[in-house]
>>> print(open('final_16.csv').read())   # CSV, C-alpha atoms
chain,number,residue,atom,x,y,z
A,1,MET,CA,24.1,-58.0,-81.4
A,2,LYS,CA,27.0,-55.8,-82.5
A,3,GLN,CA,30.5,-56.9,-81.9
A,4,ARG,CA,32.1,-53.6,-80.8
A,5,LEU,CA,31.0,-50.6,-78.8
A,6,ASP,CA,30.4,-47.3,-80.4
A,7,SER,CA,33.7,-45.8,-81.3
A,8,LYS,CA,33.4,-42.8,-79.0
A,9,LEU,CA,32.8,-45.2,-76.0
A,10,GLU,CA,35.5,-47.6,-77.0
A,11,GLU,CA,38.0,-44.7,-77.2
A,12,LYS,CA,37.4,-44.0,-73.6
A,13,PHE,CA,39.2,-47.3,-72.8
A,14,PRO,CA,42.6,-47.2,-74.6
A,15,ASN,CA,43.5,-50.8,-73.7
A,16,LEU,CA,40.1,-52.4,-74.5
A,17,TYR,CA,40.4,-53.2,-78.2
A,18,SER,CA,44.0,-54.3,-78.0
A,19,THR,CA,43.4,-56.7,-75.1
A,20,GLY,CA,40.3,-58.1,-76.6
A,21,TYR,CA,36.6,-57.8,-75.7
A,22,ARG,CA,33.1,-58.5,-77.0
A,23,VAL,CA,29.7,-56.9,-76.4
A,24,THR,CA,27.4,-59.3,-74.6
A,25,SER,CA,24.2,-57.3,-74.1
A,26,LEU,CA,22.2,-54.4,-75.4
A,27,LYS,CA,22.2,-51.0,-73.7
A,28,ASP,CA,20.1,-50.9,-70.6
A,29,LYS,CA,19.7,-47.9,-68.3
A,30,LYS,CA,18.0,-49.9,-65.5
A,31,TYR,CA,21.1,-51.5,-64.0
A,32,ASN,CA,24.8,-50.7,-63.5
A,33,CYS,CA,28.1,-52.5,-63.0
A,34,ILE,CA,27.5,-52.9,-59.3
A,35,ALA,CA,24.1,-54.7,-59.8
A,36,TRP,CA,25.7,-56.8,-62.5
A,37,ALA,CA,28.8,-57.8,-60.5
A,38,ALA,CA,26.9,-58.3,-57.2
A,39,LYS,CA,23.9,-60.3,-58.1
A,40,GLN,CA,23.6,-60.4,-61.9
A,41,ASP,CA,20.7,-58.0,-61.2
A,42,GLN,CA,19.4,-56.5,-64.4
A,43,GLU,CA,16.4,-54.7,-62.9
A,44,GLN,CA,18.0,-52.2,-60.4
A,45,TRP,CA,20.7,-49.6,-60.4
A,46,TRP,CA,22.8,-50.2,-57.3
A,47,GLU,CA,23.8,-46.9,-55.8
A,48,PRO,CA,23.1,-45.0,-52.6
A,49,LEU,CA,20.7,-42.6,-54.3
A,50,LYS,CA,17.1,-42.0,-53.7
A,51,GLU,CA,15.9,-42.2,-57.2
A,52,PRO,CA,13.5,-44.4,-59.1
A,53,GLY,CA,15.0,-47.8,-59.7
A,54,CYS,CA,17.9,-47.3,-57.4
A,55,TYR,CA,18.8,-49.9,-54.7
A,56,TRP,CA,21.3,-50.0,-51.9
A,57,PRO,CA,21.4,-52.6,-49.1
A,58,SER,CA,20.3,-51.1,-45.9
A,59,GLU,CA,23.3,-52.8,-44.1
A,60,ILE,CA,25.8,-50.7,-46.0
A,61,LYS,CA,26.6,-47.0,-45.2
A,62,PRO,CA,24.8,-45.0,-47.9
A,63,ASP,CA,27.7,-42.9,-49.0
A,64,TYR,CA,30.1,-42.8,-51.9
A,65,SER,CA,33.3,-43.6,-50.1
A,66,PHE,CA,35.5,-46.2,-51.7
A,67,GLN,CA,35.3,-48.3,-48.5
A,68,SER,CA,31.5,-48.4,-48.7
A,69,PHE,CA,31.7,-50.1,-52.1
A,70,VAL,CA,34.3,-52.6,-50.7
A,71,SER,CA,32.0,-53.2,-47.7
A,72,LEU,CA,29.1,-53.9,-50.0
A,73,PHE,CA,31.0,-56.9,-51.6
A,74,GLU,CA,32.3,-58.0,-48.2
A,75,PHE,CA,28.7,-58.0,-47.1
A,76,LEU,CA,28.0,-60.3,-50.0
A,77,GLY,CA,30.6,-62.8,-48.8
A,78,TYR,CA,33.7,-61.7,-50.6
A,79,THR,CA,37.1,-61.3,-48.9
A,80,LYS,CA,40.0,-59.3,-50.1
A,81,CYS,CA,42.7,-61.1,-52.2
A,82,SER,CA,45.9,-60.1,-53.8
A,83,ASP,CA,45.0,-60.2,-57.5
A,84,GLY,CA,42.6,-61.2,-60.3
A,85,VAL,CA,44.3,-64.4,-61.3
A,86,HIS,CA,41.7,-67.1,-61.9
A,87,GLU,CA,41.3,-69.6,-59.0
A,88,ALA,CA,39.2,-72.7,-59.6
A,89,GLY,CA,36.2,-72.8,-57.2
A,90,PHE,CA,36.3,-69.0,-56.6
A,91,GLU,CA,34.7,-66.0,-58.1
A,92,LYS,CA,36.4,-62.6,-58.0
A,93,VAL,CA,35.5,-59.0,-58.4
A,94,ALA,CA,37.8,-56.1,-59.2
A,95,ILE,CA,36.9,-52.7,-57.7
A,96,TYR,CA,38.3,-49.7,-59.6
A,97,CYS,CA,39.1,-46.3,-58.2
A,98,ASP,CA,39.9,-43.1,-60.2
A,99,LYS,CA,42.8,-40.8,-59.7
A,100,ASP,CA,41.0,-39.1,-56.8
A,101,GLY,CA,40.6,-42.4,-55.0
A,102,GLU,CA,36.9,-42.5,-55.6
A,103,PHE,CA,35.0,-45.6,-56.6
A,104,SER,CA,34.5,-45.8,-60.3
A,105,HIS,CA,33.6,-49.3,-61.5
A,106,VAL,CA,33.5,-53.0,-60.6
A,107,SER,CA,34.1,-56.0,-62.8
A,108,ARG,CA,33.3,-59.6,-62.1
A,109,GLN,CA,35.4,-62.6,-63.2
A,110,LEU,CA,33.6,-65.3,-65.1
A,111,MET,CA,34.2,-69.0,-64.4
A,112,GLU,CA,36.4,-69.4,-67.4
A,113,GLY,CA,38.7,-66.6,-66.4
A,114,PRO,CA,37.7,-63.5,-68.5
A,115,TRP,CA,35.8,-60.7,-66.9
A,116,THR,CA,32.4,-59.1,-67.4
A,117,SER,CA,31.5,-55.5,-66.9
A,118,LYS,CA,28.4,-53.3,-67.4
A,119,LEU,CA,29.5,-49.9,-68.6
A,120,GLY,CA,27.3,-47.6,-66.7
A,121,PRO,CA,24.0,-47.4,-68.6
A,122,GLU,CA,25.7,-48.8,-71.7
A,123,GLU,CA,26.2,-52.4,-72.8
A,124,ASP,CA,27.7,-55.4,-70.9
A,125,ILE,CA,31.0,-56.5,-72.2
A,126,GLU,CA,33.3,-59.5,-71.7
A,127,HIS,CA,36.9,-58.4,-71.5
A,128,ASN,CA,40.1,-60.5,-71.0
A,129,THR,CA,41.7,-58.6,-68.1
A,130,PRO,CA,40.7,-56.1,-65.4
A,131,GLU,CA,43.3,-53.8,-66.9
A,132,SER,CA,41.3,-53.7,-70.2
A,133,LEU,CA,39.2,-51.0,-68.6
A,134,VAL,CA,42.1,-48.8,-67.2
A,135,SER,CA,41.2,-45.3,-68.3
A,136,GLU,CA,40.9,-41.8,-67.1
A,137,SER,CA,37.3,-42.2,-66.0
A,138,TYR,CA,37.5,-45.7,-64.6
A,139,GLY,CA,41.0,-45.4,-63.2
A,140,HIS,CA,42.5,-48.8,-62.3
A,141,PRO,CA,41.5,-52.0,-60.4
A,142,ALA,CA,42.5,-51.1,-56.9
A,143,VAL,CA,41.0,-53.9,-54.8
A,144,PHE,CA,40.3,-57.6,-55.6
A,145,LEU,CA,38.0,-59.7,-53.6
A,146,LYS,CA,37.0,-63.3,-54.0
A,147,ARG,CA,34.4,-65.8,-52.6
A,148,LYS,CA,34.0,-69.5,-52.8
A,149,LEU,CA,31.6,-70.7,-55.4
A,150,LEU,CA,28.9,-72.7,-53.5
A,151,HIS,CA,27.5,-74.2,-56.6
A,152,GLU,CA,29.4,-74.1,-59.9
A,153,GLY,CA,28.1,-71.2,-61.9
A,154,LYS,CA,25.6,-70.0,-59.4
A,155,ILE,CA,25.9,-66.6,-57.8
A,156,ASN,CA,25.1,-66.4,-54.1
B,1,MET,CA,28.4,2.7,-84.0
B,2,ASN,CA,28.2,2.5,-87.7
B,3,ALA,CA,26.0,-0.6,-87.4
B,4,VAL,CA,23.1,1.6,-86.3
B,5,GLN,CA,21.8,3.7,-89.1
B,6,SER,CA,18.1,3.8,-88.6
B,7,SER,CA,16.6,7.1,-87.6
B,8,ASN,CA,14.5,5.2,-85.0
B,9,TRP,CA,17.6,4.4,-83.0
B,10,GLU,CA,19.6,6.6,-80.8
B,11,THR,CA,23.2,5.7,-80.4
B,12,MET,CA,24.5,5.3,-76.9
B,13,VAL,CA,27.8,5.0,-75.2
B,14,PRO,CA,28.8,1.8,-73.4
B,15,PHE,CA,27.3,1.9,-69.9
B,16,ASN,CA,29.3,-0.8,-68.2
B,17,GLN,CA,32.2,-3.1,-68.7
B,18,GLU,CA,30.2,-6.2,-69.3
B,19,ARG,CA,28.0,-5.0,-72.0
B,20,SER,CA,28.2,-2.3,-74.6
B,21,SER,CA,24.9,-0.7,-75.4
B,22,LEU,CA,25.0,0.6,-78.9
B,23,ALA,CA,21.5,1.9,-79.5
B,24,ARG,CA,18.1,2.1,-78.0
B,25,TYR,CA,14.6,2.6,-79.1
B,26,PHE,CA,11.9,4.1,-77.0
B,27,ALA,CA,8.5,2.4,-77.5
B,28,GLY,CA,5.4,4.2,-76.3
B,29,SER,CA,3.1,2.8,-73.7
B,30,SER,CA,1.0,-0.1,-74.9
B,31,SER,CA,2.4,0.2,-78.3
B,32,SER,CA,2.6,-2.5,-80.9
B,33,LYS,CA,5.8,-1.6,-82.7
B,34,GLU,CA,7.5,-3.2,-85.5
B,35,ILE,CA,11.2,-2.6,-85.4
B,36,GLU,CA,12.9,-3.1,-88.6
B,37,MET,CA,16.3,-4.6,-88.1
B,38,ASP,CA,17.5,-4.8,-91.6
B,39,GLU,CA,19.5,-1.7,-91.2
B,40,LEU,CA,21.5,-3.1,-88.4
B,41,ALA,CA,24.5,-5.3,-88.5
B,42,LEU,CA,23.1,-8.5,-87.1
B,43,LYS,CA,26.2,-10.4,-86.2
B,44,ASP,CA,27.2,-10.8,-82.6
B,45,TRP,CA,24.4,-8.6,-81.2
B,46,SER,CA,21.5,-9.2,-79.0
B,47,ILE,CA,18.4,-7.1,-78.3
B,48,VAL,CA,17.0,-6.7,-74.9
B,49,PHE,CA,13.7,-5.2,-74.0
B,50,SER,CA,13.7,-3.4,-70.7
B,51,SER,CA,10.6,-2.0,-69.1
B,52,LEU,CA,12.6,0.5,-67.2
B,53,PRO,CA,14.2,3.6,-68.6
B,54,LEU,CA,17.9,3.1,-68.9
B,55,LYS,CA,19.8,4.7,-66.2
B,56,GLY,CA,22.9,2.7,-65.7
B,57,LYS,CA,22.4,-1.0,-66.0
B,58,ALA,CA,19.1,-2.3,-67.2
B,59,THR,CA,17.5,-4.3,-64.5
B,60,THR,CA,14.4,-5.7,-66.1
B,61,MET,CA,14.8,-7.8,-69.1
B,62,VAL,CA,11.7,-9.3,-70.4
B,63,PHE,CA,12.8,-10.3,-73.8
B,64,GLN,CA,16.2,-11.3,-75.1
B,65,GLN,CA,16.9,-12.7,-78.4
B,66,SER,CA,20.1,-13.5,-80.1
B,67,LEU,CA,20.3,-11.8,-83.5
B,68,ASN,CA,22.8,-14.2,-84.8
B,69,ASN,CA,20.3,-16.6,-86.4
B,70,LEU,CA,17.9,-14.0,-87.6
B,71,ASN,CA,17.3,-12.8,-91.1
B,72,PRO,CA,17.4,-9.2,-92.1
B,73,GLY,CA,14.0,-7.7,-91.8
B,74,PHE,CA,13.3,-9.4,-88.5
B,75,TRP,CA,11.0,-7.4,-86.2
B,76,PHE,CA,9.4,-7.6,-82.9
B,77,SER,CA,5.7,-6.9,-82.5
B,78,ASN,CA,2.9,-7.0,-80.0
B,79,ILE,CA,4.8,-5.1,-77.3
B,80,SER,CA,2.3,-4.8,-74.5
B,81,SER,CA,4.0,-2.0,-72.5
B,82,GLY,CA,6.3,0.8,-73.1
B,83,GLY,CA,10.0,0.6,-72.4
B,84,VAL,CA,13.3,0.7,-74.0
B,85,PHE,CA,14.8,-1.6,-76.6
B,86,GLU,CA,18.5,-1.8,-76.2
B,87,LEU,CA,20.9,-3.3,-78.6
B,88,ILE,CA,23.8,-4.8,-76.7
B,89,GLN,CA,27.0,-6.5,-77.4
B,90,THR,CA,28.8,-8.6,-74.7
B,91,ALA,CA,32.4,-7.9,-73.9
B,92,ALA,CA,34.9,-9.0,-76.5
B,93,GLY,CA,32.1,-9.8,-78.9
B,94,GLU,CA,30.8,-12.7,-76.9
B,95,LYS,CA,27.5,-13.9,-78.2
B,96,THR,CA,24.4,-14.1,-76.1
B,97,GLU,CA,23.5,-17.7,-76.7
B,98,ASP,CA,20.0,-18.8,-77.3
B,99,SER,CA,18.8,-20.9,-74.4
B,100,LYS,CA,17.7,-23.9,-76.4
B,101,LEU,CA,21.1,-24.0,-78.1
B,102,LYS,CA,22.8,-23.5,-74.8
B,103,PHE,CA,20.9,-26.4,-73.3
B,104,ASN,CA,21.6,-28.7,-76.2
B,105,ARG,CA,25.3,-27.9,-76.0
B,106,LEU,CA,25.4,-28.6,-72.3
B,107,ALA,CA,23.3,-31.7,-72.4
B,108,LYS,CA,25.4,-33.1,-75.3
B,109,GLU,CA,28.6,-32.4,-73.4
B,110,TRP,CA,27.2,-33.9,-70.2
B,111,LYS,CA,26.2,-37.1,-71.9
B,112,ARG,CA,29.4,-37.4,-73.9
B,113,VAL,CA,31.7,-37.0,-70.9
B,114,THR,CA,29.6,-38.8,-68.2
B,115,GLY,CA,27.3,-41.1,-70.1
B,116,HIS,CA,29.3,-44.3,-69.4
B,117,LEU,CA,30.0,-43.7,-65.7
B,118,SER,CA,28.9,-46.3,-63.3
B,119,VAL,CA,27.8,-43.9,-60.5
B,120,ILE,CA,25.1,-41.3,-61.2
B,121,GLY,CA,26.3,-39.2,-58.3
B,122,ARG,CA,29.4,-38.4,-60.2
B,123,ARG,CA,27.4,-37.4,-63.2
B,124,TYR,CA,25.6,-34.9,-61.1
B,125,GLN,CA,28.9,-33.1,-60.3
B,126,HIS,CA,29.8,-32.4,-63.9
B,127,ARG,CA,30.0,-28.7,-64.7
B,128,SER,CA,27.7,-29.0,-67.7
B,129,TYR,CA,25.0,-30.6,-65.5
B,130,LEU,CA,25.4,-27.8,-63.0
B,131,ALA,CA,25.2,-25.2,-65.7
B,132,ILE,CA,21.9,-26.7,-66.8
B,133,LEU,CA,20.6,-26.4,-63.2
B,134,ASP,CA,21.7,-22.7,-63.3
B,135,MET,CA,19.3,-22.2,-66.2
B,136,LYS,CA,16.6,-22.8,-63.6
B,137,GLU,CA,13.0,-23.1,-64.9
B,138,GLU,CA,14.0,-22.1,-68.4
B,139,ALA,CA,15.6,-25.5,-68.8
B,140,LEU,CA,12.5,-27.5,-67.8
B,141,PRO,CA,10.8,-27.9,-71.3
B,142,PHE,CA,14.2,-28.7,-72.8
B,143,ILE,CA,14.9,-31.3,-70.2
B,144,LEU,CA,11.5,-32.9,-70.6
B,145,GLU,CA,11.9,-33.0,-74.4
B,146,GLU,CA,15.3,-34.5,-74.1
B,147,LEU,CA,14.0,-37.1,-71.6
B,148,ARG,CA,11.5,-38.1,-74.1
B,149,ARG,CA,13.9,-38.1,-77.0
B,150,GLU,CA,16.7,-40.0,-75.3
B,151,PRO,CA,15.9,-41.1,-71.7
B,152,ASP,CA,18.6,-40.4,-69.2
B,153,ARG,CA,19.0,-39.5,-65.6
B,154,TRP,CA,17.3,-36.1,-65.5
B,155,PHE,CA,15.1,-37.0,-62.5
B,156,ASP,CA,17.3,-35.1,-60.0
B,157,ALA,CA,17.4,-32.0,-62.2
B,158,LEU,CA,13.6,-32.1,-62.7
B,159,GLU,CA,12.9,-32.5,-59.0
B,160,ARG,CA,15.3,-29.7,-58.1
B,161,LEU,CA,13.8,-27.3,-60.6
B,162,THR,CA,10.1,-28.1,-60.0
B,163,LYS,CA,10.3,-29.0,-56.3
B,164,GLN,CA,8.0,-31.9,-57.2
B,165,ASN,CA,8.4,-35.6,-57.9
B,166,PRO,CA,5.6,-37.2,-59.8
B,167,ALA,CA,7.8,-40.3,-60.3
B,168,LYS,CA,8.1,-41.0,-56.6
B,169,LYS,CA,6.4,-44.4,-56.8
B,170,ALA,CA,8.1,-45.5,-60.0
B,171,GLN,CA,9.5,-49.0,-59.8
B,172,ASN,CA,12.2,-48.5,-62.4
B,173,PHE,CA,13.9,-46.0,-64.7
B,174,TYR,CA,11.6,-46.3,-67.6
B,175,GLU,CA,8.5,-46.0,-65.5
B,176,ALA,CA,9.9,-42.8,-64.0
B,177,VAL,CA,10.6,-41.4,-67.5
B,178,ASP,CA,6.9,-42.0,-68.5
B,179,LEU,CA,5.6,-40.4,-65.3
B,180,TRP,CA,7.8,-37.3,-65.8
B,181,ILE,CA,6.8,-36.9,-69.4
B,182,ALA,CA,3.1,-37.2,-68.5
B,183,TRP,CA,3.7,-34.6,-65.8
B,184,GLY,CA,5.3,-32.3,-68.4
B,185,ILE,CA,2.4,-32.6,-70.7
B,186,ALA,CA,-0.2,-32.1,-68.0
B,187,ASN,CA,1.7,-28.9,-67.0
B,188,ASP,CA,1.9,-27.6,-70.6
B,189,LEU,CA,5.7,-27.7,-70.5
B,190,ILE,CA,5.8,-30.1,-73.5
B,191,SER,CA,3.1,-31.0,-76.0
>>> encode(input="final_16.csv", output="structure tokens")
Amino acid sequence: MKQRLDSKLEEKFPNLYSTGYRVTSLKDKKYNCIAWAAKQDQEQWWEPLKEPGCYWPSEIKPDYSFQSFVSLFEFLGYTKCSDGVHEAGFEKVAIYCDKDGEFSHVSRQLMEGPWTSKLGPEEDIEHNTPESLVSESYGHPAVFLKRKLLHEGKIN
Amino acid sequence: MNAVQSSNWETMVPFNQERSSLARYFAGSSSSKEIEMDELALKDWSIVFSSLPLKGKATTMVFQQSLNNLNPGFWFSNISSGGVFELIQTAAGEKTEDSKLKFNRLAKEWKRVTGHLSVIGRRYQHRSYLAILDMKEEALPFILEELRREPDRWFDALERLTKQNPAKKAQNFYEAVDLWIAWGIANDLIS
């Protein structure tokens, strides 16, 4: 597996290389960052869209408001917290919004402290901070949520 | 005006502000005419075949071809009905872009700018994607070829342009790609 993203993709995230990252998967158009953060789902694209391979929980309002994406993770047992600092026994997600206040991305914290992100239909990466992906298209991490790890290393 | 030197062509004055018509050629009914273009300056011009006599703006364009990529000596043939060939130039020398080149340019831009986004709905709002939709049915074979060459989220565009959805029962992205390509082949849009 290659160590770095294609240069054109890497350039979209000005902080990424300098803060450290590594590629952890091949490209896969089947799933997105939401599926990856929510359930480590690599088979479905989580989005409120009626298209082949798309999934959205029926309990969540099927719209693109930022709040709906926050609600999705609250539905999965997360509660809001103040930051992305690693806390033993908890897993965290960072929900990003762009300059228009729209949802743009979500990252999940790994047990050891770094973060994992699926970049749209591109690769998964492991990056050291949520700020590694601050950019024009992904905006910045605006809301952090956490939930207690029921079993070490297991996603609910 | 100096570009048109053939005796077959009649020079014209510009007829509107958007396009300047420089010359026209009257083809007889059901003629099969070869129009030699080697005497014309080929750069930045397009030719339009109109089935209606030109009175003001031509309203029926059945053939349009950018001349920019043609070699001298290019000709049209097998014209099935009479009409007027009109040599046009867009305002300020703007080229009339070949539709395949236009699609490729728009698709490349769309993928470059939006390919890494996490939300497909945002990709569908990009201006290049909307411009492809504006190409209407003309874009269909190009989309299907592109879908086969480099699978991407073209399902929405295909459904909008065809009013059909052969991939309705697809379980995942790649299955939907296969179903749309099979549909394109079955409908003679791609080979």
>>> residues_around(input="final_16.csv", residues="stretch 78-95 of chain A", least_positions_apart="6", cutoff="12 Å", atoms="all atoms listed in the file", output="count of residues only")
57
>>> closest_atom_pairs(input="final_16.csv", of="chain B", to="chain A", cutoff="8 Å", atoms="all atoms listed in the file", output="CSV")
residue,atom,partner,partner_atom,distance
B:Gly115,CA,A:Pro121,CA,7.3
B:His116,CA,A:Gly120,CA,4.7
B:Leu117,CA,A:Gly120,CA,4.8
B:Ser118,CA,A:Gly120,CA,4.0
B:Val119,CA,A:Glu47,CA,6.9
B:Ile120,CA,A:Glu47,CA,7.9
B:Gly121,CA,A:Leu49,CA,7.7
B:Asp152,CA,A:Lys29,CA,7.6
B:Phe155,CA,A:Glu51,CA,7.5
B:Asp156,CA,A:Glu51,CA,7.8
B:Ala167,CA,A:Pro52,CA,7.1
B:Lys168,CA,A:Pro52,CA,6.9
B:Lys169,CA,A:Pro52,CA,7.5
B:Ala170,CA,A:Pro52,CA,5.6
B:Gln171,CA,A:Gly53,CA,5.6
B:Asn172,CA,A:Gly53,CA,4.0
B:Phe173,CA,A:Gly53,CA,5.4
B:Tyr174,CA,A:Lys30,CA,7.6
B:Ala176,CA,A:Pro52,CA,6.3
>>> atom_distance(input="final_16.csv", atom1="atom CA of B:Arg160", atom2="atom CA of B:Leu133")
8.1 Å
>>> atom_distance(input="final_16.csv", atom1="atom CA of B:Lys163", atom2="atom CA of A:Ser58")
26.4 Å
>>> atom_distance(input="final_16.csv", atom1="atom CA of B:Pro141", atom2="atom CA of B:Gln164")
14.9 Å
>>> residues_around(input="final_16.csv", residues="B:Met135", least_positions_apart="5", cutoff="9 Å", atoms="only C-alpha atoms", output="VMD selection string")
chain B and resid 99 103 130 140
>>> closest_residue(input="final_16.csv", among="A:Val23, A:Ser135, A:Pro57, A:Asp124", to="A:Gln42", atoms="all atoms listed in the file")
A:Asp124
>>> residues_around(input="final_16.csv", residues="B:Arg127", least_positions_apart="4", cutoff="12 Å", atoms="only C-alpha atoms", output="ChimeraX atom specification")
/B:106-107,109-111,113-114,122-123,131-134
>>> closest_residue(input="final_16.csv", among="B:Tyr129, B:Phe142, B:Ser191, B:Lys136", to="B:Lys100", atoms="only C-alpha atoms")
B:Phe142
>>> build_atoms(input="final_16.csv", residues="stretch 113-125 of chain A", atoms="N, CA and C atoms", output="PDB file, keeping the file's coordinate frame")
ATOM      1  N   GLY A 113      37.549 -67.427 -66.581  1.00  0.00           N
ATOM      2  CA  GLY A 113      38.700 -66.600 -66.400  1.00  0.00           C
ATOM      3  C   GLY A 113      38.589 -65.159 -66.935  1.00  0.00           C
ATOM      4  N   PRO A 114      37.877 -64.925 -68.043  1.00  0.00           N
ATOM      5  CA  PRO A 114      37.700 -63.500 -68.500  1.00  0.00           C
ATOM      6  C   PRO A 114      36.753 -62.790 -67.518  1.00  0.00           C
ATOM      7  N   TRP A 115      36.534 -61.519 -67.792  1.00  0.00           N
ATOM      8  CA  TRP A 115      35.800 -60.700 -66.900  1.00  0.00           C
ATOM      9  C   TRP A 115      34.552 -60.087 -67.588  1.00  0.00           C
ATOM     10  N   THR A 116      33.559 -59.745 -66.789  1.00  0.00           N
ATOM     11  CA  THR A 116      32.400 -59.100 -67.400  1.00  0.00           C
ATOM     12  C   THR A 116      32.116 -57.783 -66.663  1.00  0.00           C
ATOM     13  N   SER A 117      31.723 -56.796 -67.469  1.00  0.00           N
ATOM     14  CA  SER A 117      31.500 -55.500 -66.900  1.00  0.00           C
ATOM     15  C   SER A 117      30.239 -54.865 -67.611  1.00  0.00           C
ATOM     16  N   LYS A 118      29.455 -54.174 -66.822  1.00  0.00           N
ATOM     17  CA  LYS A 118      28.400 -53.300 -67.400  1.00  0.00           C
ATOM     18  C   LYS A 118      28.950 -51.910 -67.359  1.00  0.00           C
ATOM     19  N   LEU A 119      28.927 -51.264 -68.506  1.00  0.00           N
ATOM     20  CA  LEU A 119      29.500 -49.900 -68.600  1.00  0.00           C
ATOM     21  C   LEU A 119      28.517 -48.841 -68.338  1.00  0.00           C
ATOM     22  N   GLY A 120      28.293 -48.560 -67.068  1.00  0.00           N
ATOM     23  CA  GLY A 120      27.300 -47.600 -66.700  1.00  0.00           C
ATOM     24  C   GLY A 120      25.944 -47.982 -67.294  1.00  0.00           C
ATOM     25  N   PRO A 121      25.259 -47.073 -67.999  1.00  0.00           N
ATOM     26  CA  PRO A 121      24.000 -47.400 -68.600  1.00  0.00           C
ATOM     27  C   PRO A 121      24.157 -48.057 -70.006  1.00  0.00           C
ATOM     28  N   GLU A 122      25.397 -48.244 -70.412  1.00  0.00           N
ATOM     29  CA  GLU A 122      25.700 -48.800 -71.700  1.00  0.00           C
ATOM     30  C   GLU A 122      25.630 -50.331 -71.711  1.00  0.00           C
ATOM     31  N   GLU A 123      26.316 -50.962 -72.627  1.00  0.00           N
ATOM     32  CA  GLU A 123      26.200 -52.400 -72.800  1.00  0.00           C
ATOM     33  C   GLU A 123      27.060 -53.160 -71.703  1.00  0.00           C
ATOM     34  N   ASP A 124      26.797 -54.472 -71.602  1.00  0.00           N
ATOM     35  CA  ASP A 124      27.700 -55.400 -70.900  1.00  0.00           C
ATOM     36  C   ASP A 124      28.778 -55.790 -71.893  1.00  0.00           C
ATOM     37  N   ILE A 125      29.984 -55.961 -71.384  1.00  0.00           N
ATOM     38  CA  ILE A 125      31.000 -56.500 -72.200  1.00  0.00           C
ATOM     39  C   ILE A 125      31.763 -57.625 -71.501  1.00  0.00           C
TER      40      ILE A 125
END
